[in-house]
Structures are given as C-alpha cells and as structure tokens.
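Pasting work-v2.tsv here (TSV, C-alpha atoms):
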chain	number	residue	atom	x	y	z
A	1	MET	CA	0.00	0.00	0.00
A	2	LEU	CA	1.29	3.45	-0.81
A	3	ALA	CA	2.26	5.86	1.90
A	4	ASP	CA	0.04	8.83	2.58
A	5	ASP	CA	2.95	11.23	1.99
A	6	PRO	CA	2.05	13.49	-0.99
A	7	ASP	CA	5.68	13.35	-2.12
A	8	ASP	CA	5.49	9.55	-2.36
A	9	GLN	CA	2.29	9.79	-4.38
A	10	LEU	CA	3.91	12.32	-6.71
A	11	VAL	CA	6.87	10.01	-7.32
A	12	THR	CA	4.53	7.09	-8.01
A	13	SER	CA	2.45	9.20	-10.38
A	14	THR	CA	5.56	10.35	-12.23
A	15	LEU	CA	6.74	6.75	-12.67
A	16	THR	CA	3.30	5.66	-13.87
A	17	VAL	CA	3.11	8.44	-16.44
A	18	SER	CA	6.61	7.61	-17.65
A	19	ARG	CA	5.68	3.96	-18.15
A	20	PHE	CA	2.43	4.46	-20.04
A	21	LYS	CA	4.07	7.08	-22.26
A	22	GLN	CA	6.83	4.58	-22.99
A	23	ALA	CA	4.21	1.97	-23.88
A	24	GLU	CA	2.42	4.42	-26.17
A	25	ALA	CA	5.67	5.25	-27.98
A	26	MET	CA	6.40	1.56	-28.48
A	27	LEU	CA	2.94	1.00	-29.96
A	28	LEU	CA	3.63	3.67	-32.57
A	29	GLN	CA	6.92	1.92	-33.36
A	30	GLY	CA	5.19	-1.44	-33.76
A	31	GLU	CA	6.76	-3.01	-30.65
A	32	THR	CA	3.44	-4.47	-29.55
A	33	ASP	CA	4.59	-7.19	-27.14
A	34	LYS	CA	6.88	-4.88	-25.16
A	35	ALA	CA	4.24	-2.16	-25.17
A	36	PHE	CA	1.60	-4.57	-23.86
A	37	SER	CA	3.83	-5.71	-21.00
A	38	ILE	CA	4.70	-2.16	-19.96
A	39	ALA	CA	1.09	-1.03	-20.32
A	40	ARG	CA	-0.10	-3.78	-17.97
A	41	GLU	CA	2.48	-2.71	-15.40
A	42	ALA	CA	1.48	0.95	-15.69
A	43	ASP	CA	-2.21	0.09	-15.47
A	44	SER	CA	-1.70	-2.00	-12.34
A	45	ARG	CA	0.39	0.73	-10.72
A	46	ALA	CA	-2.13	3.44	-11.61
A	47	ALA	CA	-5.09	1.41	-10.36
A	48	LYS	CA	-3.43	0.81	-6.99
A	49	SER	CA	-2.55	4.48	-6.62
A	50	PHE	CA	-6.08	5.54	-7.54
A	51	GLN	CA	-7.55	3.26	-4.86
A	52	THR	CA	-5.63	5.18	-2.18
A	53	ASP	CA	-7.49	8.41	-3.00
A	54	PRO	CA	-10.31	8.13	-5.58
A	55	ALA	CA	-11.11	11.83	-5.15
A	56	ASP	CA	-7.69	12.93	-6.40
A	57	PRO	CA	-8.07	14.08	-10.04
A	58	ILE	CA	-4.37	13.50	-10.77
A	59	LEU	CA	-4.62	9.85	-9.74
A	60	LEU	CA	-7.88	9.57	-11.67
A	61	GLU	CA	-6.19	11.00	-14.76
A	62	ASP	CA	-3.30	8.54	-14.42
A	63	ALA	CA	-5.71	5.61	-14.08
A	64	ALA	CA	-7.74	6.68	-17.11
A	65	ASN	CA	-4.64	7.18	-19.25
A	66	ALA	CA	-3.08	3.87	-18.21
A	67	ALA	CA	-6.29	1.93	-18.92
A	68	THR	CA	-6.55	3.61	-22.33
A	69	ILE	CA	-2.98	2.64	-23.28
A	70	LEU	CA	-3.57	-0.93	-22.08
A	71	ALA	CA	-6.70	-1.13	-24.24
A	72	LYS	CA	-4.75	0.14	-27.25
A	73	ALA	CA	-1.95	-2.37	-26.66
A	74	ALA	CA	-4.39	-5.25	-26.25
A	75	LEU	CA	-6.22	-4.21	-29.42
A	76	GLN	CA	-2.99	-3.99	-31.40
A	77	SER	CA	-1.97	-7.44	-30.13
A	78	GLY	CA	-5.33	-8.90	-31.19
A	79	ASN	CA	-6.61	-9.59	-27.67
A	80	LEU	CA	-10.08	-8.15	-28.16
A	81	VAL	CA	-11.53	-9.46	-24.90
A	82	GLN	CA	-8.89	-7.77	-22.75
A	83	ALA	CA	-8.99	-4.72	-25.00
A	84	GLY	CA	-12.73	-4.42	-24.46
A	85	THR	CA	-12.44	-4.78	-20.69
A	86	ALA	CA	-9.68	-2.16	-20.47
A	87	ALA	CA	-11.49	0.19	-22.85
A	88	ASP	CA	-14.72	0.04	-20.86
A	89	ARG	CA	-12.78	0.84	-17.69
A	90	ALA	CA	-10.89	3.66	-19.42
A	91	LEU	CA	-14.18	5.12	-20.64
A	92	ALA	CA	-15.77	5.02	-17.18
A	93	LEU	CA	-12.71	6.71	-15.65
A	94	SER	CA	-12.53	9.32	-18.42
A	95	GLU	CA	-16.23	10.14	-18.08
A	96	ARG	CA	-15.70	10.61	-14.36
A	97	LEU	CA	-12.64	12.80	-14.93
A	98	ALA	CA	-14.35	15.00	-17.52
A	99	ALA	CA	-17.25	15.54	-15.13
A	100	VAL	CA	-14.83	17.11	-12.61
A	101	ASP	CA	-14.39	20.15	-14.86
A	102	ARG	CA	-15.85	20.29	-18.39
A	103	SER	CA	-13.79	23.39	-19.18
A	104	ILE	CA	-10.49	21.47	-19.24
A	105	PRO	CA	-9.80	20.45	-22.88
A	106	LYS	CA	-7.42	17.67	-21.89
A	107	TRP	CA	-10.09	15.91	-19.83
A	108	ASN	CA	-13.31	16.72	-21.69
A	109	GLY	CA	-11.77	16.73	-25.16
A	110	VAL	CA	-8.63	14.65	-25.60
A	111	MET	CA	-9.05	11.96	-22.95
A	112	LEU	CA	-12.82	11.53	-23.08
A	113	GLY	CA	-12.84	11.64	-26.87
A	114	GLN	CA	-10.01	9.14	-27.11
A	115	ALA	CA	-11.66	6.74	-24.66
A	116	ARG	CA	-15.01	6.89	-26.46
A	117	LEU	CA	-13.48	6.33	-29.89
A	118	LEU	CA	-11.42	3.42	-28.60
A	119	ALA	CA	-14.48	1.79	-27.05
A	120	TYR	CA	-16.44	2.17	-30.31
A	121	THR	CA	-13.52	0.75	-32.31
A	122	ILE	CA	-13.19	-2.37	-30.17
A	123	ARG	CA	-16.94	-3.00	-30.07
A	124	ALA	CA	-17.07	-2.76	-33.86
A	125	ARG	CA	-14.07	-5.07	-34.25
A	126	ARG	CA	-15.90	-7.69	-32.21
A	127	ALA	CA	-19.06	-7.45	-34.32
A	128	SER	CA	-20.10	-7.95	-37.94
A	129	GLY	CA	-22.72	-6.67	-40.37
A	130	GLN	CA	-25.39	-4.46	-38.87
A	131	ALA	CA	-24.04	-5.05	-35.35
A	132	CYS	CA	-20.73	-3.53	-36.42
A	133	ARG	CA	-22.46	-0.46	-37.82
A	134	ARG	CA	-24.51	-0.10	-34.64
A	135	ALA	CA	-21.31	-0.23	-32.59
A	136	LEU	CA	-19.89	2.65	-34.63
A	137	ALA	CA	-23.10	4.71	-34.71
A	138	PRO	CA	-22.26	6.84	-31.62
A	139	VAL	CA	-19.20	8.19	-33.43
A	140	GLU	CA	-21.41	10.63	-35.34
A	141	SER	CA	-22.40	12.65	-32.28
A	142	GLU	CA	-18.94	12.33	-30.75
A	143	SER	CA	-17.30	13.61	-33.93
A	144	ILE	CA	-19.60	16.64	-33.92
A	145	ARG	CA	-18.72	17.30	-30.27
A	146	LEU	CA	-14.98	17.06	-30.94
A	147	ASP	CA	-15.26	19.23	-34.06
A	148	ALA	CA	-16.77	21.99	-31.93
A	149	LEU	CA	-14.10	21.68	-29.24
A	150	PHE	CA	-11.24	21.76	-31.75
A	151	SER	CA	-12.76	24.71	-33.62
A	152	ALA	CA	-12.51	26.65	-30.36
A	153	ASP	CA	-8.95	25.49	-29.63
A	154	ARG	CA	-7.04	25.18	-32.92
A	155	SER	CA	-3.63	25.24	-31.23
A	156	ASN	CA	-4.36	22.02	-29.31
A	157	LEU	CA	-2.51	19.35	-31.31
A	158	LYS	CA	-3.69	16.39	-29.27
A	159	LEU	CA	-7.30	17.53	-29.58
A	160	GLY	CA	-6.78	17.89	-33.32
A	161	LEU	CA	-5.51	14.30	-33.55
A	162	VAL	CA	-8.50	12.92	-31.65
A	163	THR	CA	-10.86	15.00	-33.80
A	164	ALA	CA	-9.25	13.70	-37.00
A	165	ARG	CA	-9.60	10.15	-35.71
A	166	SER	CA	-13.30	10.72	-35.06
A	167	GLN	CA	-13.74	12.04	-38.60
A	168	ILE	CA	-12.04	8.95	-40.04
A	169	MET	CA	-14.36	6.69	-38.06
A	170	ARG	CA	-17.43	8.70	-39.04
A	171	ALA	CA	-16.41	8.36	-42.69
A	172	ASP	CA	-15.86	4.63	-42.15
A	173	LEU	CA	-19.43	4.32	-40.91
A	174	SER	CA	-20.68	5.99	-44.09
A	175	ALA	CA	-18.56	3.64	-46.21
A	176	LEU	CA	-19.86	0.58	-44.37
A	177	SER	CA	-23.38	1.81	-45.15
A	178	GLY	CA	-22.50	2.19	-48.84
A	179	ASP	CA	-22.47	6.01	-48.86
A	180	PHE	CA	-19.04	6.50	-50.44
A	181	THR	CA	-19.62	10.12	-51.44
A	182	THR	CA	-20.03	11.09	-47.78
A	183	ALA	CA	-17.21	8.76	-46.75
A	184	GLU	CA	-14.72	10.27	-49.18
A	185	ALA	CA	-15.66	13.78	-48.07
A	186	GLY	CA	-15.16	12.69	-44.47
A	187	TRP	CA	-11.69	11.28	-45.12
A	188	ARG	CA	-10.70	14.49	-46.89
A	189	LYS	CA	-11.98	16.47	-43.92
A	190	ALA	CA	-9.90	14.33	-41.57
A	191	ALA	CA	-6.78	14.98	-43.67
A	192	ALA	CA	-7.50	18.71	-43.57
A	193	THR	CA	-7.94	18.56	-39.80
A	194	LEU	CA	-4.55	16.88	-39.44
A	195	THR	CA	-2.88	19.51	-41.60
A	196	SER	CA	-4.55	22.25	-39.57
A	197	ALA	CA	-3.55	20.63	-36.28
A	198	TYR	CA	0.13	20.55	-37.21
A	199	ARG	CA	-0.02	24.10	-38.59
A	200	THR	CA	2.57	23.34	-41.26
A	201	GLY	CA	2.59	23.39	-45.02
A	202	GLY	CA	5.13	20.58	-45.17
A	203	PRO	CA	4.70	16.83	-44.67
A	204	ILE	CA	3.70	15.49	-41.27
A	205	ARG	CA	6.60	13.72	-39.55
A	206	ASP	CA	5.19	13.03	-36.10
A	207	PRO	CA	4.49	9.26	-35.69
A	208	ALA	CA	0.93	9.73	-34.37
A	209	GLY	CA	-0.02	12.09	-37.19
A	210	LEU	CA	1.70	9.92	-39.80
A	211	ARG	CA	-0.26	6.87	-38.70
A	212	LEU	CA	-3.56	8.71	-39.03
A	213	MET	CA	-2.62	10.10	-42.44
A	214	GLU	CA	-1.62	6.62	-43.61
A	215	GLN	CA	-4.99	5.28	-42.45
A	216	ILE	CA	-6.76	7.97	-44.45
A	217	GLN	CA	-4.73	7.24	-47.59
A	218	GLN	CA	-5.29	3.51	-47.17
A	219	ARG	CA	-9.03	4.01	-47.02
A	220	GLN	CA	-9.05	6.32	-50.02
A	221	SER	CA	-7.30	3.67	-52.13
A	222	MET	CA	-9.20	0.65	-50.80
A	223	PRO	CA	-11.76	-1.10	-53.08
A	224	ARG	CA	-15.29	-0.18	-52.11
A	225	ALA	CA	-16.22	-3.84	-51.84
A	226	ALA	CA	-13.90	-4.12	-48.83
A	227	PHE	CA	-16.10	-1.73	-46.88
A	228	LEU	CA	-19.29	-3.46	-47.88
A	229	VAL	CA	-17.83	-6.65	-46.42
A	230	GLY	CA	-16.37	-4.80	-43.44
A	231	THR	CA	-13.86	-7.46	-42.45
A	232	SER	CA	-11.47	-6.62	-45.26
A	233	ALA	CA	-11.30	-3.01	-44.12
A	234	GLY	CA	-10.21	-4.09	-40.64
A	235	ILE	CA	-13.19	-2.38	-39.05
A	236	CYS	CA	-15.56	-5.26	-38.33
A	237	ARG	CA	-15.07	-8.87	-37.35
Once you've parsed the file, please lay out its structure as structure tokens.
Amino acid sequence: MLADDPDDQLVTSTLTVSRFKQAEAMLLQGETDKAFSIAREADSRAAKSFQTDPADPILLEDAANAATILAKAALQSGNLVQAGTAADRALALSERLAAVDRSIPKWNGVMLGQARLLAYTIRARRASGQACRRALAPVESESIRLDALFSADRSNLKLGLVTARSQIMRADLSALSGDFTTAEAGWRKAAATLTSAYRTGGPIRDPAGLRLMEQIQQRQSMPRAAFLVGTSAGICR
C-alpha cells in the first residue's frame, strides 16, 4: 500500500506516467509485445494508486490514461476481450474525470474523446454486419462534439488528432453503409484537420499524425467492396 505522503504519491504518479508514455511510444513503433507488458504494469500501478485516494483528479487522470494505453496495446496485439475490458474501464474513468471540470480540454476533449473512440472501435471489431455499424453509430455525435471543441482550440494538437480520428471513423461508418460520397468527403476532412492541427505546409513527420494520415490514404485507395464486407477493411469482425 502506498504511503500517505504526498511526495510519495507524486513520485509514483511520475513513474506511472513515464511507463504508459513509454508503452504508447512503443505501440507507434510497432513493438506491440513490449508495449503490452509495460502497459499492464502501468495500469496495475495506476489502479493501486487511484484506490488510495479516488477523489484525487491526478490519480484519476493517471488511471484513465493507463487503462486507455492498455486497451490500445491489447487491441494492437489482437486480444479483443482484454482490449474491451480495459477500454470500458478507461471510458468510465474518463467520463468521471471529464465531469470534474468540463472546461479542461485535456479531460473533456482529448481523454474523453479518445476513450469513447477506442471503445467504439473495439466493439465494432468484435461485431459484424449491422451489429458492427450499430457499434460505430455513436461516433457521429462524438465527432460533432470534438469538431466543436477543436474549432474553439485550434492550437491544441492532441485535440486535433482525436478529432481527425473521429472524422475517419465517421467516414468509415458511411462507407460501411454504402455512402461513399459522404465517406470520401469525411476522409478528406480528416486529412485537412490533421494539416490544420500541425499548422505546417510541409509533410507530417510526427508518428501519431503519420499513422492517421496513412490510415486515411489507405481508405481512399481501398476497393469499395472491402467496406461493404467490413472485415477486409479491418473495421468489423
């Protein structure tokens, strides 16, 4: 059990943040197994710390972030059951954190948006046909919400990335429904959001932004039949 000393809690929080950031970086580099192991450690550490003082927003933020990274790592490793469990926990923690103060973009925008999108993604990946489309349906309202938040805070890169991700998923939903005109417009909008978020006229070099741009380009070049099946597009089961 952790000591009650605030300095001890600060050290523990710093170590936890360092570990889940390391896991996130490894995921972007494709080192899934190492990332998954580190993410589990960070999640366990964050959960224990949070239990010592559930009213502490810093510990709540750590727990939400760690659960989100664990869900991402499990998803990337193909463990959909564990990914779903971690994502549901991350979403509950992020909802609770955002409710503390809706005016904080990091909590109400980046973290809550990321947790919701991740939960929708995993639910869709575990479903097929109409069930997959139903799992993705909430992304429409979430994308609108994130669009509004990013429009009011254009300098927030992380919020821009989450917003672009929501636009990709919203376009995916249109493609799965056979509305490719809307889907293509949505993917173009996501690309424009990324460009705006990085505020540069040159190519995006940041790993997180590059991955999103690659996903957009992949979808734009993918045969339409792949979306009508769903599985081939990597969206549904």
May I have a table of the residues of range 149-234 of chain A lying at most 9 Å from range 100-116 of chain A, giving each one's closest pair of atoms and their distance in Å to one decimal, counting all atoms listed in the file, ordered by chain and ascending residue number, as CSV?
residue,atom,partner,partner_atom,distance
A:Leu149,CA,A:Gly109,CA,6.8
A:Phe150,CA,A:Gly109,CA,8.3
A:Asp153,CA,A:Pro105,CA,8.5
A:Asn156,CA,A:Pro105,CA,8.6
A:Lys158,CA,A:Val110,CA,6.4
A:Leu159,CA,A:Val110,CA,5.1
A:Gly160,CA,A:Val110,CA,8.6
A:Leu161,CA,A:Val110,CA,8.5
A:Val162,CA,A:Gln114,CA,6.1
A:Thr163,CA,A:Gly113,CA,8.0
A:Arg165,CA,A:Gln114,CA,8.7
A:Ser166,CA,A:Gly113,CA,8.3
Pairwise distance, CA of Gln167 in chain A with CA of Trp187 in chain A, equals 6.9 Å
**Message:** From the options A:Arg126, A:Arg134, A:Arg188, A:Arg40, which residue's atoms come nearest to Leu80 in chain A, counting only C-alpha atoms?
**Reply:**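 Of all the options, A:Arg126 lies closest to Leu80 in chain A.
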* Which residue gives the smallest distance to Lys21 in chain A among A:Lys48, A:Leu70, A:Asp33, A:Ile216, with all atoms listed in the file counted? ->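 Checking each of A:Lys48, A:Leu70, A:Asp33, A:Ile216 against Lys21 in chain A, counting all atoms listed in the file, the winner is A:Leu70.
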Need the shell around Glu24 in chain A: protein/DNA/RNA residues with any atom at most 12 Å away, counting all atoms listed in the file. Skip same-chain ones fewer than 4 positions apart. Format as a JSON list (two decimals) with C-alpha atoms, in the coordinates of the input?
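See result07.json below for the written result:
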[["chain", "number", "residue", "atom", "x", "y", "z"],
["A", 17, "VAL", "CA", 3.11, 8.44, -16.44],
["A", 18, "SER", "CA", 6.61, 7.61, -17.65],
["A", 19, "ARG", "CA", 5.68, 3.96, -18.15],
["A", 20, "PHE", "CA", 2.43, 4.46, -20.04],
["A", 28, "LEU", "CA", 3.63, 3.67, -32.57],
["A", 29, "GLN", "CA", 6.92, 1.92, -33.36],
["A", 30, "GLY", "CA", 5.19, -1.44, -33.76],
["A", 31, "GLU", "CA", 6.76, -3.01, -30.65],
["A", 32, "THR", "CA", 3.44, -4.47, -29.55],
["A", 33, "ASP", "CA", 4.59, -7.19, -27.14],
["A", 34, "LYS", "CA", 6.88, -4.88, -25.16],
["A", 35, "ALA", "CA", 4.24, -2.16, -25.17],
["A", 36, "PHE", "CA", 1.60, -4.57, -23.86],
["A", 37, "SER", "CA", 3.83, -5.71, -21.00],
["A", 38, "ILE", "CA", 4.70, -2.16, -19.96],
["A", 39, "ALA", "CA", 1.09, -1.03, -20.32],
["A", 40, "ARG", "CA", -0.10, -3.78, -17.97],
["A", 42, "ALA", "CA", 1.48, 0.95, -15.69],
["A", 65, "ASN", "CA", -4.64, 7.18, -19.25],
["A", 66, "ALA", "CA", -3.08, 3.87, -18.21],
["A", 67, "ALA", "CA", -6.29, 1.93, -18.92],
["A", 68, "THR", "CA", -6.55, 3.61, -22.33],
["A", 69, "ILE", "CA", -2.98, 2.64, -23.28],
["A", 70, "LEU", "CA", -3.57, -0.93, -22.08],
["A", 71, "ALA", "CA", -6.70, -1.13, -24.24],
["A", 72, "LYS", "CA", -4.75, 0.14, -27.25],
["A", 73, "ALA", "CA", -1.95, -2.37, -26.66],
["A", 74, "ALA", "CA", -4.39, -5.25, -26.25],
["A", 76, "GLN", "CA", -2.99, -3.99, -31.40],
["A", 207, "PRO", "CA", 4.49, 9.26, -35.69],
["A", 208, "ALA", "CA", 0.93, 9.73, -34.37]]
Any chance you could work out the axis-aligned box around range 132-150 of chain A, listed atoms only, 3 Å on each side, giving centre and edge lengths in Å to one decimal, as lines of an AutoDock Vina configuration file?
center_x = -17.9
center_y = 9.2
center_z = -33.5
size_x = 19.3
size_y = 31.5
size_z = 14.6
As a check of understanding: the span from CA of Arg89 in chain A to CA of Ala64 in chain A is 7.7 Å
What does the distance between CA of Leu176 in chain A and CA of Arg123 in chain A come to in Å, to one decimal place?
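Here the two named atoms are 15.0 Å from each other.
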Could you check which of A:Ala131, A:Leu212, A:Thr195, A:Ala124 is closest to Ala233 in chain A, using all atoms listed in the file?
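Result for the nearest residue to Ala233 in chain A: A:Ala124.
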